Amino acid sequence: MEPEDEPGDDSKLVEIEGIPMLRETLENWNLISGFQARPDDLLLCTYPKAGTTWIQEIVDMVQHRGDAQKCARAPIYERSPYIELFPPKPMPSGFELAMAMPSPRTLKSHLPVQLLPTSFWEQNCKIIYVARNAKDCAVSFFYFHRMNKILPDPGKWEDFLENFIAGKVGYGSWFDHVRVWWEAKNHHSILYLFYEDIKENPAQEIQKVAEFLNIELSAPVLDQIVQHTKFESMKENPMANYSNMPSSVLDQTVSPFMRKGTVGDWKEHFTEAQSQQLDEICTQKLGDSGLEFRTEL
């Protein structure tokens, strides 16, 4: 085994206030932490691989009242810039894209509550948070690590899972992330959604998004949005599936960016012991929070 294949080659990850983050994020931390939110910004926030692109597309469709042509105006990462992403040049950073964007902006972040630029709280921006069960999240993150050239090599599945549980992955502990955002919704304008609910009843959850944004949708428009944002539709949509991202960054021959989009794929990867271990840690870390996750539908 070559040394660079060692699992947990974390040279690409460094800590910011105890949270592992990409080195490029740390190098630009002054810019990011000083990010100037505007009062009419909408922030879409998730732990990685929890349905981020999905909620980005849903929100864009809601804002454009189901007009798919308007939502095809640019790739998803330009329509709602990822504010703490500083990719290899010559790609523009999410920060630059956000700065250049006219209001009202829709922005994306994976930051945990404590690292979010304070201007979002000061400006009382609306935030939509999507949470996905830890098991499916871990599997999706593992495959993402394999195809994303910016991230460390995940090594073997069991090693990656251990790191995931310990919070030794980008953006830190899944448990802390979902919990602290859940608690934050009691004090801020946050709509907290669950990936599994959107999968099970997309019309109901998309309606919640519309109401949160004070947008009225007719039944036919709501249905259009449901059809447009189905996994199968998005997988084929070049403006949502990251197919226009260079393979030096995302190598979709290793694993497609839009891989499965299901609930319960974890059963193909977890052993009985791993599943039990994660259940126990979930109970221990989230037991008193009122947060409940479904791992199958």
# chains A, B, ... in the order shown; residues from 1 in each chain; ligands from 1
>>> residues_around(residues="Thr118 of chain A", least_positions_apart="4", cutoff="10 Å", atoms="only C-alpha atoms", output="VMD selection string")
chain A and resid 33 to 37 113 to 114 122 to 124
>>> select_by_dssp(residues="segment 152-197 of chain A", states="alpha helix (DSSP H)", output="list in words")
Trp157, Glu158, Asp159, Phe160, Leu161, Glu162, Asn163, Phe164, Ile165, Ala166, Trp174, Phe175, Asp176, His177, Val178, Arg179, Val180, Trp181, Trp182, Glu183, Ala184, Tyr195, Glu196 and Asp197 of chain A
>>> atom_distance(atom1="atom CA of Val139 of chain A", atom2="atom CA of Phe160 of chain A")
9.2 Å
>>> closest_residue(among="A:Arg79, A:Gly172, A:Ser93, A:Thr52", to="Leu193 of chain A", atoms="only C-alpha atoms")
A:Thr52
>>> residues_around(residues="Asp279 of chain A", least_positions_apart="6", cutoff="12 Å", atoms="only C-alpha atoms", output="ChimeraX atom specification")
/A:133-135,165,175,270,272-273,285-287,292-295
>>> closest_residue(among="A:Asn148, A:Asn201, A:Ser275, A:Ser189", to="Val254 of chain A", atoms="only C-alpha atoms")
A:Asn148
>>> select_by_dssp(residues="segment 92-214 of chain A", states="strand (DSSP E)", output="JSON, numbers by chain")
{"A": [106, 107, 108, 109, 126, 127, 128, 129, 130, 131, 190, 191, 192, 193, 194]}
>>> write_last_selection(atoms="all heavy atoms", output="short mmCIF file (atom, residue, chain, number, x, y, z; two decimals), in the first residue's frame")
data_model
loop_
_atom_site.label_atom_id
_atom_site.label_comp_id
_atom_site.auth_asym_id
_atom_site.auth_seq_id
_atom_site.Cartn_x
_atom_site.Cartn_y
_atom_site.Cartn_z
N THR A 106 -29.64 33.82 -2.86
CA THR A 106 -29.78 32.55 -2.17
C THR A 106 -28.37 31.98 -2.09
O THR A 106 -27.68 31.89 -3.10
CB THR A 106 -30.71 31.59 -2.95
OG1 THR A 106 -32.00 32.20 -3.04
CG2 THR A 106 -30.85 30.26 -2.22
N LEU A 107 -27.94 31.65 -0.88
CA LEU A 107 -26.56 31.22 -0.65
C LEU A 107 -26.56 29.84 -0.01
O LEU A 107 -27.54 29.42 0.59
CB LEU A 107 -25.86 32.23 0.27
CG LEU A 107 -25.90 33.68 -0.22
CD1 LEU A 107 -25.43 34.63 0.89
CD2 LEU A 107 -25.04 33.86 -1.47
N LYS A 108 -25.42 29.16 -0.13
CA LYS A 108 -25.29 27.82 0.43
C LYS A 108 -24.10 27.76 1.38
O LYS A 108 -23.07 28.38 1.12
CB LYS A 108 -25.08 26.82 -0.72
CG LYS A 108 -24.44 25.50 -0.30
CD LYS A 108 -24.04 24.65 -1.50
CE LYS A 108 -23.05 23.58 -1.09
NZ LYS A 108 -22.63 22.72 -2.21
N SER A 109 -24.25 26.99 2.47
CA SER A 109 -23.14 26.75 3.38
C SER A 109 -23.31 25.41 4.07
O SER A 109 -24.44 24.92 4.22
CB SER A 109 -23.08 27.86 4.43
OG SER A 109 -22.05 27.57 5.36
N LYS A 126 -33.29 34.67 6.73
CA LYS A 126 -33.99 33.38 6.75
C LYS A 126 -33.01 32.27 6.38
O LYS A 126 -32.19 32.45 5.48
CB LYS A 126 -35.15 33.39 5.75
CG LYS A 126 -36.35 34.18 6.22
CD LYS A 126 -37.54 34.02 5.27
CE LYS A 126 -38.77 34.73 5.85
NZ LYS A 126 -39.94 34.58 4.96
N ILE A 127 -33.15 31.15 7.08
CA ILE A 127 -32.26 30.01 6.84
C ILE A 127 -33.10 28.74 6.70
O ILE A 127 -34.03 28.53 7.49
CB ILE A 127 -31.26 29.84 8.02
CG1 ILE A 127 -30.38 31.10 8.16
CG2 ILE A 127 -30.39 28.59 7.82
CD1 ILE A 127 -29.47 31.11 9.39
N ILE A 128 -32.79 27.93 5.68
CA ILE A 128 -33.42 26.61 5.57
C ILE A 128 -32.34 25.58 5.83
O ILE A 128 -31.28 25.61 5.19
CB ILE A 128 -34.06 26.39 4.19
CG1 ILE A 128 -35.16 27.42 3.92
CG2 ILE A 128 -34.63 24.95 4.08
CD1 ILE A 128 -35.81 27.32 2.53
N TYR A 129 -32.58 24.72 6.80
CA TYR A 129 -31.63 23.66 7.14
C TYR A 129 -32.24 22.31 6.80
O TYR A 129 -33.41 22.06 7.11
CB TYR A 129 -31.30 23.70 8.65
CG TYR A 129 -30.22 22.72 9.05
CD1 TYR A 129 -28.87 23.06 8.96
CD2 TYR A 129 -30.53 21.43 9.50
CE1 TYR A 129 -27.86 22.16 9.31
CE2 TYR A 129 -29.53 20.52 9.84
CZ TYR A 129 -28.20 20.89 9.74
OH TYR A 129 -27.21 19.99 10.07
N VAL A 130 -31.47 21.46 6.12
CA VAL A 130 -31.94 20.10 5.84
C VAL A 130 -31.03 19.11 6.55
O VAL A 130 -29.81 19.19 6.46
CB VAL A 130 -31.95 19.79 4.32
CG1 VAL A 130 -32.49 18.38 4.07
CG2 VAL A 130 -32.79 20.81 3.57
N ALA A 131 -31.65 18.18 7.28
CA ALA A 131 -30.91 17.14 8.00
C ALA A 131 -31.27 15.78 7.41
O ALA A 131 -32.41 15.54 7.03
CB ALA A 131 -31.28 17.18 9.48
N ILE A 190 -35.46 29.96 11.21
CA ILE A 190 -34.91 28.76 10.56
C ILE A 190 -36.03 27.76 10.29
O ILE A 190 -36.80 27.42 11.19
CB ILE A 190 -33.84 28.10 11.47
CG1 ILE A 190 -32.65 29.04 11.68
CG2 ILE A 190 -33.36 26.76 10.87
CD1 ILE A 190 -31.64 28.58 12.73
N LEU A 191 -36.11 27.32 9.04
CA LEU A 191 -37.00 26.21 8.69
C LEU A 191 -36.14 24.95 8.68
O LEU A 191 -35.19 24.86 7.90
CB LEU A 191 -37.62 26.44 7.30
CG LEU A 191 -38.49 25.29 6.75
CD1 LEU A 191 -39.74 25.09 7.59
CD2 LEU A 191 -38.86 25.53 5.29
N TYR A 192 -36.45 24.00 9.55
CA TYR A 192 -35.64 22.79 9.70
C TYR A 192 -36.40 21.63 9.05
O TYR A 192 -37.49 21.27 9.48
CB TYR A 192 -35.42 22.51 11.19
CG TYR A 192 -34.29 21.55 11.53
CD1 TYR A 192 -33.10 22.02 12.08
CD2 TYR A 192 -34.43 20.17 11.35
CE1 TYR A 192 -32.07 21.14 12.44
CE2 TYR A 192 -33.40 19.30 11.70
CZ TYR A 192 -32.22 19.79 12.24
OH TYR A 192 -31.21 18.92 12.59
N LEU A 193 -35.82 21.08 7.99
CA LEU A 193 -36.47 20.01 7.24
C LEU A 193 -35.66 18.72 7.32
O LEU A 193 -34.46 18.74 7.60
CB LEU A 193 -36.61 20.40 5.76
CG LEU A 193 -37.42 21.66 5.44
CD1 LEU A 193 -37.29 21.98 3.95
CD2 LEU A 193 -38.88 21.49 5.82
N PHE A 194 -36.32 17.61 7.04
CA PHE A 194 -35.66 16.31 7.03
C PHE A 194 -35.69 15.71 5.63
O PHE A 194 -36.73 15.68 4.98
CB PHE A 194 -36.33 15.34 8.02
CG PHE A 194 -36.16 15.77 9.45
CD1 PHE A 194 -37.11 16.60 10.06
CD2 PHE A 194 -35.06 15.38 10.19
CE1 PHE A 194 -36.95 17.01 11.37
CE2 PHE A 194 -34.89 15.78 11.51
CZ PHE A 194 -35.84 16.60 12.10
#
>>> closest_residue(among="A:Pro75, A:Pro88, A:Pro117, A:Pro256", to="Glu57 of chain A", atoms="only C-alpha atoms")
A:Pro75
>>> residues_around(residues="Val180 of chain A", least_positions_apart="3", cutoff="8 Å", atoms="only C-alpha atoms", output="PyMOL selection string")
chain A and resi 112-113+176-177+183-184
>>> atom_distance(atom1="atom CA of Tyr47 of chain A", atom2="atom CA of Asp67 of chain A")
28.1 Å
>>> closest_atom_pairs(of="segment 247-268 of chain A", to="segment 225-234 of chain A", cutoff="12 Å", atoms="only C-alpha atoms", output="JSON lines")
{"residue": "A:Phe257", "atom": "CA", "partner": "A:Met234", "partner_atom": "CA", "distance": 10.8}
{"residue": "A:Met258", "atom": "CA", "partner": "A:Phe231", "partner_atom": "CA", "distance": 8.0}
{"residue": "A:Arg259", "atom": "CA", "partner": "A:Phe231", "partner_atom": "CA", "distance": 9.4}
{"residue": "A:Lys260", "atom": "CA", "partner": "A:Phe231", "partner_atom": "CA", "distance": 8.0}
{"residue": "A:Gly261", "atom": "CA", "partner": "A:Phe231", "partner_atom": "CA", "distance": 6.2}
{"residue": "A:Thr262", "atom": "CA", "partner": "A:Phe231", "partner_atom": "CA", "distance": 8.6}
{"residue": "A:Val263", "atom": "CA", "partner": "A:Phe231", "partner_atom": "CA", "distance": 11.9}
>>> write_last_selection(atoms="N, CA and C atoms", output="CSV table (one decimal), in the first residue's frame")
chain,number,residue,atom,x,y,z
A,257,PHE,N,-21.9,12.2,-9.1
A,257,PHE,CA,-22.3,13.2,-8.0
A,257,PHE,C,-23.7,12.9,-7.5
A,258,MET,N,-24.6,12.6,-8.4
A,258,MET,CA,-26.0,12.2,-8.1
A,258,MET,C,-26.0,10.7,-8.1
A,259,ARG,N,-25.7,10.1,-6.9
A,259,ARG,CA,-25.5,8.6,-6.9
A,259,ARG,C,-26.7,7.8,-6.8
A,260,LYS,N,-27.4,7.9,-5.6
A,260,LYS,CA,-28.6,7.1,-5.5
A,260,LYS,C,-29.8,7.9,-5.0
A,261,GLY,N,-29.6,8.9,-4.1
A,261,GLY,CA,-30.7,9.7,-3.6
A,261,GLY,C,-31.8,8.9,-2.9
A,262,THR,N,-31.5,7.9,-2.2
A,262,THR,CA,-32.5,7.1,-1.5
A,262,THR,C,-32.4,7.1,0.0
A,263,VAL,N,-33.4,6.6,0.6
A,263,VAL,CA,-33.3,6.4,2.1
A,263,VAL,C,-33.1,4.9,2.3
>>> closest_residue(among="A:Pro20, A:Pro154, A:Gly167, A:Gly290", to="Trp182 of chain A", atoms="only C-alpha atoms")
A:Gly290
>>> residues_around(residues="Glu96 of chain A", least_positions_apart="5", cutoff="9 Å", atoms="only C-alpha atoms", output="PyMOL selection string")
chain A and resi 81+83+101
>>> write_last_selection(atoms="N, CA and C atoms", output="short mmCIF file (atom, residue, chain, number, x, y, z; two decimals), in the first residue's frame")
data_model
loop_
_atom_site.label_atom_id
_atom_site.label_comp_id
_atom_site.auth_asym_id
_atom_site.auth_seq_id
_atom_site.Cartn_x
_atom_site.Cartn_y
_atom_site.Cartn_z
N PRO A 81 -24.44 30.37 -4.58
CA PRO A 81 -23.01 30.16 -4.29
C PRO A 81 -22.75 29.58 -2.91
N ILE A 83 -20.63 29.69 0.00
CA ILE A 83 -19.83 30.84 0.43
C ILE A 83 -18.44 30.51 0.97
N MET A 101 -23.17 38.93 -6.64
CA MET A 101 -24.57 38.61 -6.93
C MET A 101 -25.51 39.73 -6.50
#
